[in-house]
>>> print(open('coords.csv').read())   # CSV, C-alpha atoms and all ligand atoms
chain,number,residue,atom,x,y,z
A,1,MET,CA,18.7,-66.7,-79.1
A,2,LEU,CA,18.1,-63.5,-81.0
A,3,ILE,CA,20.8,-61.9,-83.1
A,4,VAL,CA,20.2,-58.3,-84.0
A,5,MET,CA,22.2,-57.1,-86.9
A,6,GLU,CA,23.5,-53.5,-87.2
A,7,SER,CA,21.3,-51.2,-89.4
A,8,ARG,CA,24.3,-50.8,-91.7
A,9,ALA,CA,25.0,-54.6,-91.9
A,10,THR,CA,25.3,-55.9,-95.4
A,11,GLU,CA,23.5,-58.9,-96.9
A,12,GLU,CA,26.9,-60.7,-97.0
A,13,GLN,CA,27.4,-60.2,-93.2
A,14,THR,CA,24.0,-61.5,-92.4
A,15,GLU,CA,24.6,-64.5,-94.6
A,16,LYS,CA,27.9,-65.2,-92.8
A,17,VAL,CA,26.1,-65.1,-89.4
A,18,ILE,CA,23.4,-67.5,-90.7
A,19,LYS,CA,26.0,-69.9,-92.0
A,20,PHE,CA,27.9,-69.7,-88.7
A,21,ILE,CA,24.9,-70.6,-86.5
A,22,LYS,CA,23.8,-73.3,-88.9
A,23,GLN,CA,27.3,-74.8,-88.7
A,24,LYS,CA,26.9,-74.8,-84.9
A,25,GLY,CA,23.7,-76.9,-85.2
A,26,PHE,CA,21.0,-74.2,-85.0
A,27,ASP,CA,18.1,-73.4,-87.3
A,28,ALA,CA,18.0,-69.8,-88.5
A,29,HIS,CA,14.8,-67.8,-88.8
A,30,VAL,CA,15.3,-64.4,-90.4
A,31,SER,CA,13.1,-61.4,-89.9
A,32,LYS,CA,13.9,-58.2,-91.9
A,33,GLY,CA,12.7,-55.1,-90.1
A,34,GLU,CA,12.8,-51.5,-91.3
A,35,ASP,CA,16.0,-50.8,-89.4
A,36,HIS,CA,17.4,-54.1,-88.4
A,37,THR,CA,17.5,-57.7,-89.5
A,38,VAL,CA,16.9,-60.1,-86.7
A,39,ILE,CA,18.0,-63.7,-86.8
A,40,GLY,CA,16.3,-66.2,-84.5
A,41,ALA,CA,18.7,-69.1,-83.7
A,42,VAL,CA,16.7,-72.1,-82.6
A,43,GLY,CA,18.3,-75.2,-81.3
A,44,ARG,CA,19.3,-77.2,-78.2
A,45,LYS,CA,23.1,-76.8,-78.6
A,46,VAL,CA,25.2,-74.8,-76.2
A,47,ILE,CA,26.9,-71.9,-77.8
A,48,ASP,CA,29.1,-69.1,-76.4
A,49,LYS,CA,27.2,-65.9,-77.3
A,50,ARG,CA,30.5,-64.0,-77.6
A,51,ASP,CA,31.4,-66.1,-80.6
A,52,ILE,CA,28.4,-64.5,-82.4
A,53,GLU,CA,28.9,-61.0,-80.9
A,54,LEU,CA,32.4,-60.9,-82.5
A,55,LEU,CA,31.1,-61.5,-86.1
A,56,SER,CA,31.0,-58.4,-88.2
A,57,GLY,CA,27.7,-56.7,-88.6
A,58,VAL,CA,26.3,-58.1,-85.3
A,59,LYS,CA,24.8,-55.4,-83.0
A,60,GLU,CA,23.5,-57.6,-80.1
A,61,VAL,CA,22.9,-61.1,-79.1
A,62,ILE,CA,20.0,-61.7,-76.8
A,63,ARG,CA,19.6,-65.1,-75.0
A,64,ILE,CA,15.9,-65.8,-74.5
A,65,THR,CA,16.0,-69.3,-73.1
A,66,SER,CA,17.7,-69.9,-69.7
A,67,PRO,CA,20.8,-72.1,-69.5
A,68,TYR,CA,19.2,-74.2,-66.8
A,69,LYS,CA,16.5,-76.7,-67.5
A,70,LEU,CA,15.9,-79.2,-64.7
A,71,VAL,CA,15.9,-76.5,-62.0
A,72,SER,CA,13.5,-74.3,-63.9
A,73,ARG,CA,9.8,-73.8,-63.3
A,74,VAL,CA,9.3,-74.1,-67.0
A,75,PHE,CA,10.4,-77.8,-66.7
A,76,LYS,CA,8.5,-78.4,-63.4
A,77,PRO,CA,5.9,-75.7,-62.5
A,78,GLU,CA,5.0,-77.0,-59.1
A,79,ASP,CA,7.3,-76.6,-56.0
A,80,THR,CA,9.6,-79.4,-55.1
A,81,ILE,CA,8.8,-80.8,-51.7
A,82,ILE,CA,11.6,-82.8,-50.1
A,83,GLU,CA,10.3,-85.3,-47.5
A,84,LEU,CA,12.4,-87.1,-45.1
A,85,LYS,CA,10.9,-89.3,-42.3
A,86,GLY,CA,7.8,-87.0,-42.3
A,87,VAL,CA,9.8,-83.8,-42.3
A,88,LYS,CA,8.9,-81.7,-45.4
A,89,ILE,CA,10.9,-78.8,-47.0
A,90,GLY,CA,9.4,-76.6,-49.7
A,91,GLY,CA,6.0,-75.9,-51.0
A,92,GLY,CA,4.8,-74.0,-47.9
A,93,ASN,CA,6.7,-76.3,-45.5
A,94,THR,CA,9.4,-74.4,-43.6
A,95,ALA,CA,12.1,-76.5,-42.1
A,96,MET,CA,14.3,-75.5,-39.1
A,97,ILE,CA,17.9,-76.9,-39.2
A,98,ALA,CA,20.0,-76.1,-36.2
A,99,GLY,CA,23.1,-77.2,-34.4
A,100,PRO,CA,26.7,-76.3,-33.8
A,101,CYS,CA,29.1,-75.0,-36.5
A,102,SER,CA,31.4,-78.0,-35.8
A,103,VAL,CA,31.2,-81.3,-34.0
A,104,GLU,CA,33.7,-80.9,-31.1
A,105,SER,CA,32.8,-83.8,-28.8
A,106,TYR,CA,30.0,-86.2,-28.0
A,107,GLU,CA,29.0,-84.2,-24.9
A,108,GLN,CA,28.8,-80.9,-26.9
A,109,VAL,CA,26.6,-82.3,-29.6
A,110,ASP,CA,24.5,-84.3,-27.1
A,111,SER,CA,23.8,-81.4,-24.9
A,112,THR,CA,23.0,-79.0,-27.8
A,113,ALA,CA,20.8,-81.6,-29.6
A,114,LYS,CA,18.9,-82.5,-26.4
A,115,LYS,CA,17.8,-78.9,-26.1
A,116,LEU,CA,17.0,-78.4,-29.8
A,117,ALA,CA,15.0,-81.6,-29.9
A,118,GLY,CA,13.1,-80.4,-26.8
A,119,TYR,CA,12.2,-77.2,-28.6
A,120,GLY,CA,10.9,-79.3,-31.6
A,121,VAL,CA,13.8,-79.1,-34.0
A,122,LYS,CA,13.9,-82.1,-36.4
A,123,ILE,CA,17.1,-81.5,-38.3
A,124,LEU,CA,20.5,-81.3,-36.6
A,125,ARG,CA,23.5,-79.6,-38.3
A,126,GLY,CA,27.2,-80.0,-37.5
A,127,GLY,CA,30.4,-79.9,-39.4
A,128,ALA,CA,32.7,-82.9,-39.2
A,129,PHE,CA,35.0,-81.8,-42.0
A,130,LYS,CA,35.5,-78.1,-41.8
A,131,PRO,CA,36.7,-75.8,-44.7
A,132,ARG,CA,38.7,-73.3,-42.7
A,133,THR,CA,40.6,-70.3,-44.1
A,134,SER,CA,43.6,-71.1,-42.0
A,135,PRO,CA,45.2,-74.6,-42.1
A,136,TYR,CA,46.0,-74.1,-38.4
A,137,ALA,CA,42.4,-73.7,-37.4
A,138,PHE,CA,40.3,-76.6,-36.1
A,139,GLN,CA,39.6,-78.8,-39.1
A,140,GLY,CA,36.9,-81.0,-37.6
A,141,LEU,CA,36.8,-84.5,-36.1
A,142,GLY,CA,36.3,-86.2,-39.5
A,143,GLU,CA,34.5,-89.5,-39.5
A,144,GLU,CA,34.4,-89.6,-35.7
A,145,GLY,CA,32.3,-86.4,-35.9
A,146,LEU,CA,29.9,-88.0,-38.3
A,147,LYS,CA,29.5,-91.0,-36.0
A,148,ILE,CA,28.7,-88.6,-33.1
A,149,LEU,CA,26.1,-86.7,-35.2
A,150,ARG,CA,24.4,-90.0,-36.2
A,151,GLU,CA,24.4,-91.4,-32.7
A,152,VAL,CA,23.0,-88.2,-31.1
A,153,ALA,CA,20.5,-87.7,-33.9
A,154,ASP,CA,19.1,-91.2,-33.5
A,155,LYS,CA,18.9,-90.7,-29.7
A,156,TYR,CA,16.6,-87.7,-30.2
A,157,ASP,CA,14.9,-88.9,-33.4
A,158,MET,CA,16.4,-86.2,-35.5
A,159,LEU,CA,17.8,-86.0,-39.1
A,160,VAL,CA,21.3,-84.9,-39.8
A,161,THR,CA,23.1,-82.7,-42.3
A,162,SER,CA,26.8,-82.2,-42.5
A,163,GLU,CA,29.2,-80.8,-45.1
A,164,VAL,CA,30.9,-83.1,-47.6
A,165,MET,CA,34.1,-81.6,-48.9
A,166,GLU,CA,35.3,-84.0,-51.6
A,167,VAL,CA,34.2,-86.8,-53.8
A,168,SER,CA,36.0,-89.5,-52.0
A,169,GLN,CA,34.1,-88.8,-48.8
A,170,ILE,CA,30.6,-89.4,-50.3
A,171,PRO,CA,30.4,-93.2,-49.5
A,172,MET,CA,31.3,-92.3,-45.8
A,173,PHE,CA,28.7,-89.6,-45.7
A,174,LEU,CA,26.0,-91.9,-47.1
A,175,LYS,CA,26.5,-94.1,-44.0
A,176,TYR,CA,25.8,-91.3,-41.5
A,177,VAL,CA,23.9,-88.3,-42.8
A,178,ASP,CA,20.4,-87.7,-44.2
A,179,ILE,CA,21.2,-84.5,-46.1
A,180,LEU,CA,24.7,-83.9,-47.7
A,181,GLN,CA,25.7,-80.2,-47.5
A,182,VAL,CA,27.9,-78.6,-50.1
A,183,GLY,CA,29.6,-75.6,-48.6
A,184,ALA,CA,29.9,-72.1,-50.1
A,185,ARG,CA,33.6,-72.7,-51.0
A,186,ASN,CA,32.6,-75.9,-53.0
A,187,MET,CA,29.6,-74.6,-54.9
A,188,GLN,CA,31.5,-74.8,-58.1
A,189,ASN,CA,33.4,-78.0,-57.4
A,190,PHE,CA,31.9,-79.6,-60.5
A,191,ASN,CA,33.4,-83.1,-59.8
A,192,LEU,CA,31.7,-83.1,-56.4
A,193,LEU,CA,28.4,-81.8,-57.9
A,194,LYS,CA,28.5,-84.5,-60.6
A,195,SER,CA,29.1,-87.2,-58.0
A,196,LEU,CA,26.3,-85.9,-55.8
A,197,GLY,CA,24.1,-86.2,-58.9
A,198,GLU,CA,24.6,-90.0,-58.7
A,199,ILE,CA,23.4,-90.5,-55.1
A,200,ARG,CA,19.8,-90.6,-54.0
A,201,LYS,CA,19.9,-88.4,-50.9
A,202,PRO,CA,19.0,-84.7,-50.7
A,203,VAL,CA,21.8,-82.2,-51.1
A,204,LEU,CA,21.9,-78.8,-49.4
A,205,LEU,CA,23.7,-76.6,-51.9
A,206,LYS,CA,25.1,-73.3,-50.4
A,207,ARG,CA,25.6,-70.2,-52.5
A,208,GLY,CA,29.2,-69.4,-53.1
A,209,LEU,CA,30.8,-66.3,-51.5
A,210,SER,CA,30.8,-64.4,-54.8
A,211,ALA,CA,28.4,-66.5,-56.8
A,212,MET,CA,25.6,-65.0,-58.9
A,213,ILE,CA,22.1,-66.5,-58.6
A,214,GLU,CA,22.4,-68.0,-62.0
A,215,GLU,CA,25.7,-69.7,-61.1
A,216,LEU,CA,24.0,-71.2,-58.0
A,217,LEU,CA,21.2,-72.5,-60.2
A,218,MET,CA,23.7,-73.9,-62.7
A,219,SER,CA,25.4,-75.8,-59.9
A,220,ALA,CA,22.1,-77.3,-58.9
A,221,GLU,CA,21.6,-78.2,-62.5
A,222,TYR,CA,24.8,-80.3,-62.3
A,223,ILE,CA,23.4,-82.3,-59.5
A,224,MET,CA,20.0,-82.7,-61.1
A,225,ALA,CA,21.4,-83.6,-64.5
A,226,GLY,CA,23.0,-86.6,-62.8
A,227,GLY,CA,19.5,-87.8,-61.8
A,228,ASN,CA,19.4,-86.6,-58.2
A,229,ARG,CA,16.3,-84.4,-58.1
A,230,GLU,CA,16.5,-83.5,-54.4
A,231,VAL,CA,18.4,-80.3,-54.1
A,232,ILE,CA,17.8,-77.6,-51.4
A,233,LEU,CA,19.3,-74.3,-52.2
A,234,CYS,CA,20.8,-72.1,-49.5
A,235,GLU,CA,21.4,-68.4,-49.4
A,236,ARG,CA,24.2,-67.7,-46.9
A,237,GLY,CA,25.2,-64.2,-47.7
A,238,ILE,CA,27.6,-63.0,-50.3
A,239,ARG,CA,30.8,-61.0,-50.2
A,240,THR,CA,30.3,-57.2,-50.7
A,241,PHE,CA,32.2,-54.0,-49.8
A,242,GLU,CA,30.3,-54.0,-46.5
A,243,HIS,CA,32.5,-55.3,-43.6
A,244,ILE,CA,30.4,-54.8,-40.5
A,245,THR,CA,28.6,-58.1,-41.1
A,246,ARG,CA,30.6,-61.1,-42.2
A,247,ASN,CA,28.7,-61.3,-45.5
A,248,THR,CA,25.7,-59.5,-46.9
A,249,LEU,CA,22.5,-61.5,-46.7
A,250,ASP,CA,20.8,-61.3,-50.1
A,251,LEU,CA,17.2,-61.8,-49.2
A,252,SER,CA,16.1,-60.8,-52.6
A,253,ALA,CA,17.5,-64.1,-53.8
A,254,ILE,CA,14.5,-65.8,-52.2
A,255,PRO,CA,11.7,-64.3,-54.4
A,256,VAL,CA,14.1,-64.2,-57.4
A,257,ILE,CA,14.9,-67.9,-57.1
A,258,GLN,CA,11.3,-68.9,-56.3
A,259,LYS,CA,10.1,-67.3,-59.5
A,260,ILE,CA,12.7,-69.1,-61.7
A,261,SER,CA,13.0,-72.4,-59.9
A,262,HIS,CA,10.8,-75.0,-58.2
A,263,LEU,CA,13.6,-76.0,-55.7
A,264,PRO,CA,13.3,-75.1,-52.0
A,265,ILE,CA,15.5,-72.3,-50.7
A,266,VAL,CA,16.6,-72.0,-47.1
A,267,VAL,CA,18.6,-69.2,-45.5
A,268,ASP,CA,21.6,-69.3,-43.2
A,269,PRO,CA,21.5,-66.1,-41.2
A,270,SER,CA,24.5,-67.3,-39.1
A,271,HIS,CA,27.2,-67.3,-41.8
A,272,ALA,CA,25.5,-64.4,-43.5
A,273,THR,CA,25.8,-62.0,-40.6
A,274,GLY,CA,28.6,-63.6,-38.5
A,275,LEU,CA,27.1,-61.9,-35.4
A,276,ARG,CA,24.8,-63.5,-32.9
A,277,ASP,CA,22.6,-60.5,-32.3
A,278,LYS,CA,21.9,-60.2,-36.1
A,279,VAL,CA,20.6,-63.8,-36.4
A,280,ALA,CA,17.1,-63.3,-35.0
A,281,PRO,CA,16.1,-60.2,-37.1
A,282,MET,CA,17.5,-61.8,-40.3
A,283,SER,CA,15.8,-65.1,-39.5
A,284,LYS,CA,12.4,-63.4,-39.2
A,285,ALA,CA,13.1,-61.3,-42.4
A,286,ALA,CA,14.0,-64.5,-44.3
A,287,ILE,CA,10.8,-66.3,-43.3
A,288,ALA,CA,8.8,-63.1,-44.1
A,289,ALA,CA,10.5,-63.1,-47.5
A,290,GLY,CA,9.3,-66.6,-48.2
A,291,ALA,CA,12.3,-68.8,-47.3
A,292,ASP,CA,11.5,-72.5,-47.1
A,293,GLY,CA,13.7,-73.0,-44.1
A,294,LEU,CA,16.5,-71.7,-41.9
A,295,ILE,CA,19.9,-73.2,-41.0
A,296,ILE,CA,21.0,-71.7,-37.7
A,297,GLU,CA,24.2,-72.2,-35.6
A,298,VAL,CA,23.4,-73.0,-32.0
A,299,HIS,CA,26.0,-74.1,-29.5
A,300,ASN,CA,25.6,-75.3,-25.9
A,301,SER,CA,28.5,-73.0,-24.9
A,302,PRO,CA,29.2,-70.4,-27.7
A,303,ASP,CA,31.9,-68.8,-25.6
A,304,THR,CA,34.1,-71.8,-25.7
A,305,ALA,CA,33.2,-73.0,-29.3
A,306,LEU,CA,36.1,-74.1,-31.5
A,307,CYS,CA,34.6,-72.4,-34.5
A,308,ASP,CA,32.1,-69.6,-35.1
A,309,GLY,CA,31.2,-69.0,-31.5
A,310,ALA,CA,30.4,-65.3,-32.1
A,311,GLN,CA,27.6,-66.2,-34.6
A,312,SER,CA,26.2,-69.1,-32.6
A,313,LEU,CA,23.1,-68.7,-30.5
A,314,TYR,CA,22.8,-69.8,-26.9
A,315,PRO,CA,20.1,-72.5,-26.8
A,316,GLU,CA,17.7,-70.3,-24.8
A,317,GLN,CA,18.1,-67.5,-27.4
A,318,PHE,CA,17.3,-69.9,-30.1
A,319,ALA,CA,14.2,-71.2,-28.2
A,320,GLU,CA,12.9,-67.6,-28.0
A,321,LEU,CA,13.5,-67.0,-31.7
A,322,TYR,CA,11.9,-70.3,-32.7
A,323,GLU,CA,8.7,-69.4,-30.8
A,324,GLU,CA,8.6,-66.0,-32.6
A,325,LEU,CA,9.1,-67.8,-36.0
A,326,LYS,CA,6.2,-70.2,-35.2
A,327,ALA,CA,3.9,-67.2,-34.6
A,328,LEU,CA,5.1,-65.6,-37.8
A,329,ALA,CA,4.5,-68.8,-39.7
A,330,VAL,CA,0.8,-68.8,-38.6
A,331,VAL,CA,0.4,-65.2,-40.0
A,332,LEU,CA,2.0,-66.3,-43.3
A,333,LYS,CA,-0.1,-69.5,-43.4
A,334,LYS,CA,3.0,-71.7,-43.5
A,335,LYS,CA,3.9,-74.8,-41.7
A,336,ILE,CA,7.1,-74.7,-39.7
A,337,CYS,CA,8.8,-77.6,-38.1
B,1,LIG,C1,28.8,-74.3,-42.6
B,1,LIG,O1,27.5,-74.2,-42.8
B,1,LIG,O2,29.3,-75.1,-41.8
B,1,LIG,C2,29.6,-73.5,-43.5
B,1,LIG,C3,31.0,-73.7,-43.5
B,1,LIG,O3,29.0,-72.5,-44.2
B,1,LIG,P1,29.4,-71.9,-45.6
B,1,LIG,O4,29.9,-73.0,-46.5
B,1,LIG,O5,28.2,-71.2,-46.0
B,1,LIG,O6,30.5,-70.9,-45.3
B,2,MN,MN,30.1,-72.1,-39.1
>>> encode(input="coords.csv", output="C-alpha cells")
Amino acid sequence: MLIVMESRATEEQTEKVIKFIKQKGFDAHVSKGEDHTVIGAVGRKVIDKRDIELLSGVKEVIRITSPYKLVSRVFKPEDTIIELKGVKIGGGNTAMIAGPCSVESYEQVDSTAKKLAGYGVKILRGGAFKPRTSPYAFQGLGEEGLKILREVADKYDMLVTSEVMEVSQIPMFLKYVDILQVGARNMQNFNLLKSLGEIRKPVLLKRGLSAMIEELLMSAEYIMAGGNREVILCERGIRTFEHITRNTLDLSAIPVIQKISHLPIVVDPSHATGLRDKVAPMSKAAIAAGADGLIIEVHNSPDTALCDGAQSLYPEQFAELYEELKALAVVLKKKIC
C-alpha cells in the first residue's frame, strides 16, 4: 500500500502515520520526493485503508496488491481446468450446461434430458430448492427433486448441477450432485461459502445481482481459502437501470476476470436476459468473448413451466443454437462439449 502525504504535511504528521502502520503490523518504507513524501506500507495484514485516509496530512492511500490471493493469476498463472468424468471446464474447454429452471416432475426432467443428451450435452442443470422472490411461488421439490436429477442424469450418462441454498443442505447435495451451485442471492452468504470450502466437489458460484467483480472474486476466495480449489465463476447479469431485459449481461466481466484470475468463468444468458429470444445472440457473444461455458435454461414445455418459462428455450431451439456454437468454437480454436 502506498500512502501519499499532502505537500504541506509536517514531519510530525508523517511520523504519526509511520507509527500507526507499524502498530498495525506493517513495515514502513519512506521516500521523500520534491512535493510529496510517500510511505510504502509492506505487510500481509489486512487493514481498512480508510483508517489511514483519516489521519491528518494524508492525501491518498493507494492499494497496490489485490485483496484476493488464491483466485489470482499471480498465485497460479495457468488456467484452472476442472475435470469431471472426462468433461473439462476451463483452459480452452468450453462446457455446455443445460436443463430446466426447476425440477417439476420425473417426466419433465426425463423428457428434457433425453433430448439434451441426444444433442451431446454432458451437464444437466435443474433447481430442486428455489430461491423465489415470492414465498407463494413454486419453491421446488426439495430432496425429491435432487433424486430425480440424479436418476435421470445416470440414465443418460450426464453430470448434474443444482443450487444449494444453505449450509445444512450440503451433505444431502453431496449424495446427488456433481457440481454445487451457489445462486446470485447467496453469493455473499459467507457461512455457506466457508462450508463449501471444506468439500471436495466443484462449486459454480454465480455473481450477485449487484455484486462488483472484485466481490465475486472475494467470494471465490472464501471457498478456496477453505481448501476447495474447484470454483467455476458465473456471470449471470447484474441489476442496472435498464428494464427491458431482466438483468444486464456484463460480458466485459469475462476478459476482466480472465486477466485477474485463473478460474473458469461461464455465462448464464437465460437469467441475464430473461427473454427466450435474447438467449441465442448473447450465448454466441459470450463464447466469442471467451467464456469457458454456458448455463442455459431449456424446458420440454416452456409454456407450462412452473418457473422461468419465458426465458427457457424449446429443446429444438437449443439444438439449433448448440450447432451454431459448435461452429463458432471451431473458428475460435476451442473445444466445446
Ligand atoms: C438458477 O440458476 O436457477 C438461478 C436461480 O439463477 P440466479 O441465482 O443467477 O438468479
Ligand atoms: Mn431460472
>>> closest_residue(input="coords.csv", among="A:Val103, A:Leu55, A:Val17, A:Met158", to="Leu84 in chain A", atoms="all atoms listed in the file")
A:Met158
>>> closest_residue(input="coords.csv", among="A:Lys147, A:Lys259, A:His271, A:Lys130", to="Arg207 in chain A", atoms="only C-alpha atoms")
A:His271
>>> closest_residue(input="coords.csv", among="A:Ala28, A:Ala327, A:Ile21, A:Ile199", to="Glu53 in chain A", atoms="all atoms listed in the file")
A:Ile21
>>> residues_around(input="coords.csv", residues="Leu204 in chain A", least_positions_apart="4", cutoff="10 Å", atoms="all atoms listed in the file", output="ChimeraX atom specification")
/A:161-163,179-183,220,230-234,264-266
>>> closest_residue(input="coords.csv", among="A:Pro281, A:Gly99, A:Gly40, A:Pro202", to="ligand LIG 1 (chain B)", atoms="all atoms listed in the file")
A:Gly99
>>> residues_near_point(input="coords.csv", point="(25.2, -91.2, -27.7)", cutoff="8 Å", atoms="all atoms listed in the file", output="PyMOL selection string")
chain A and resi 106+110+148+151-152+155
>>> residues_near_ligand(input="coords.csv", ligand="ligand MN 2 (chain B)", cutoff="8 Å", atoms="only C-alpha atoms and all ligand atoms", output="list in words")
Pro100, Cys101, Ser102, Gly127, Ser270, His271, Glu297, Cys307, Asp308 and Gln311 of chain A
>>> residues_around(input="coords.csv", residues="Gln317 in chain A", least_positions_apart="3", cutoff="10 Å", atoms="only C-alpha atoms", output="PyMOL selection string")
chain A and resi 276-277+280+298+312-314+320-322
>>> write_last_selection(input="coords.csv", atoms="C-alpha atoms", output="mmCIF file, in the coordinates of the input")
data_model
loop_
_atom_site.group_PDB
_atom_site.id
_atom_site.type_symbol
_atom_site.label_atom_id
_atom_site.label_comp_id
_atom_site.auth_asym_id
_atom_site.auth_seq_id
_atom_site.Cartn_x
_atom_site.Cartn_y
_atom_site.Cartn_z
ATOM 1 C CA ARG A 276 24.800 -63.500 -32.900
ATOM 2 C CA ASP A 277 22.600 -60.500 -32.300
ATOM 3 C CA ALA A 280 17.100 -63.300 -35.000
ATOM 4 C CA VAL A 298 23.400 -73.000 -32.000
ATOM 5 C CA SER A 312 26.200 -69.100 -32.600
ATOM 6 C CA LEU A 313 23.100 -68.700 -30.500
ATOM 7 C CA TYR A 314 22.800 -69.800 -26.900
ATOM 8 C CA GLU A 320 12.900 -67.600 -28.000
ATOM 9 C CA LEU A 321 13.500 -67.000 -31.700
ATOM 10 C CA TYR A 322 11.900 -70.300 -32.700
#
>>> residues_near_point(input="coords.csv", point="(16.4, -66.5, -53.6)", cutoff="10 Å", atoms="all atoms listed in the file", output="list in words")
Arg207, Ile213, Leu216, Leu233, Cys234, Glu235, Asp250, Leu251, Ser252, Ala253, Ile254, Pro255, Val256, Ile257, Gln258, Lys259, Ile260, Ser261, Pro264, Ile265, Val266, Val267, Ala286, Ala289, Gly290 and Ala291 of chain A
>>> residues_around(input="coords.csv", residues="Ala329 in chain A", least_positions_apart="3", cutoff="12 Å", atoms="all atoms listed in the file", output="ChimeraX atom specification")
/A:92-96,283-293,322-326,332-337
>>> residues_around(input="coords.csv", residues="Ala211 in chain A", least_positions_apart="5", cutoff="9 Å", atoms="all atoms listed in the file", output="list in words")
Ala184, Met187, Gln188, Leu216, Ile238 and Arg239 of chain A
>>> closest_residue(input="coords.csv", among="A:Pro131, A:Gly33, A:Gly197, A:Gly274", to="ligand LIG 1 (chain B)", atoms="only C-alpha atoms and all ligand atoms")
A:Pro131
>>> closest_residue(input="coords.csv", among="A:Gly86, A:Gly237, A:Pro302, A:Pro315", to="ligand LIG 1 (chain B)", atoms="all atoms listed in the file")
A:Gly237
>>> residues_around(input="coords.csv", residues="Leu70 in chain A", least_positions_apart="3", cutoff="12 Å", atoms="all atoms listed in the file", output="PyMOL selection string")
chain A and resi 66-67+73-77+80+217-231+260-263
>>> decode(input="coords.csv", residues="range 228-239 of chain A", atoms="N, CA, C and O atoms", output="compact mmCIF listing (two decimals), in the first residue's frame")
# COMPACT_ATOMS: atom_id res chain seq x y z
N ASN A 228 -10.98 -25.86 -0.98
CA ASN A 228 -11.62 -26.34 -2.21
C ASN A 228 -11.15 -25.47 -3.37
O ASN A 228 -11.50 -24.30 -3.46
N ARG A 229 -10.35 -26.04 -4.25
CA ARG A 229 -9.75 -25.25 -5.34
C ARG A 229 -10.59 -25.28 -6.61
O ARG A 229 -10.21 -24.71 -7.62
N GLU A 230 -11.74 -25.99 -6.57
CA GLU A 230 -12.53 -26.14 -7.80
C GLU A 230 -13.73 -25.21 -7.81
O GLU A 230 -14.84 -25.59 -7.42
N VAL A 231 -13.48 -23.99 -8.25
CA VAL A 231 -14.55 -23.00 -8.31
C VAL A 231 -14.74 -22.56 -9.76
O VAL A 231 -13.77 -22.28 -10.46
N ILE A 232 -16.00 -22.56 -10.19
CA ILE A 232 -16.35 -22.07 -11.53
C ILE A 232 -17.15 -20.79 -11.30
O ILE A 232 -18.16 -20.80 -10.58
N LEU A 233 -16.70 -19.69 -11.87
CA LEU A 233 -17.43 -18.43 -11.70
C LEU A 233 -18.53 -18.34 -12.74
O LEU A 233 -18.42 -18.95 -13.82
N CYS A 234 -19.57 -17.60 -12.43
CA CYS A 234 -20.67 -17.46 -13.41
C CYS A 234 -21.17 -16.03 -13.47
O CYS A 234 -21.63 -15.47 -12.47
N GLU A 235 -21.10 -15.46 -14.66
CA GLU A 235 -21.67 -14.13 -14.92
C GLU A 235 -23.12 -14.36 -15.36
O GLU A 235 -23.36 -15.04 -16.36
N ARG A 236 -24.08 -13.82 -14.60
CA ARG A 236 -25.49 -14.06 -14.90
C ARG A 236 -26.30 -12.77 -15.00
O ARG A 236 -27.50 -12.74 -14.86
N GLY A 237 -25.56 -11.68 -15.28
CA GLY A 237 -26.25 -10.41 -15.43
C GLY A 237 -26.37 -9.70 -14.10
O GLY A 237 -26.47 -10.33 -13.05
N ILE A 238 -26.30 -8.39 -14.18
CA ILE A 238 -26.40 -7.57 -12.96
C ILE A 238 -27.56 -6.60 -13.10
O ILE A 238 -28.03 -6.32 -14.20
N ARG A 239 -27.99 -6.07 -11.98
CA ARG A 239 -29.14 -5.16 -11.98
C ARG A 239 -28.65 -3.76 -12.36
O ARG A 239 -27.73 -3.22 -11.75
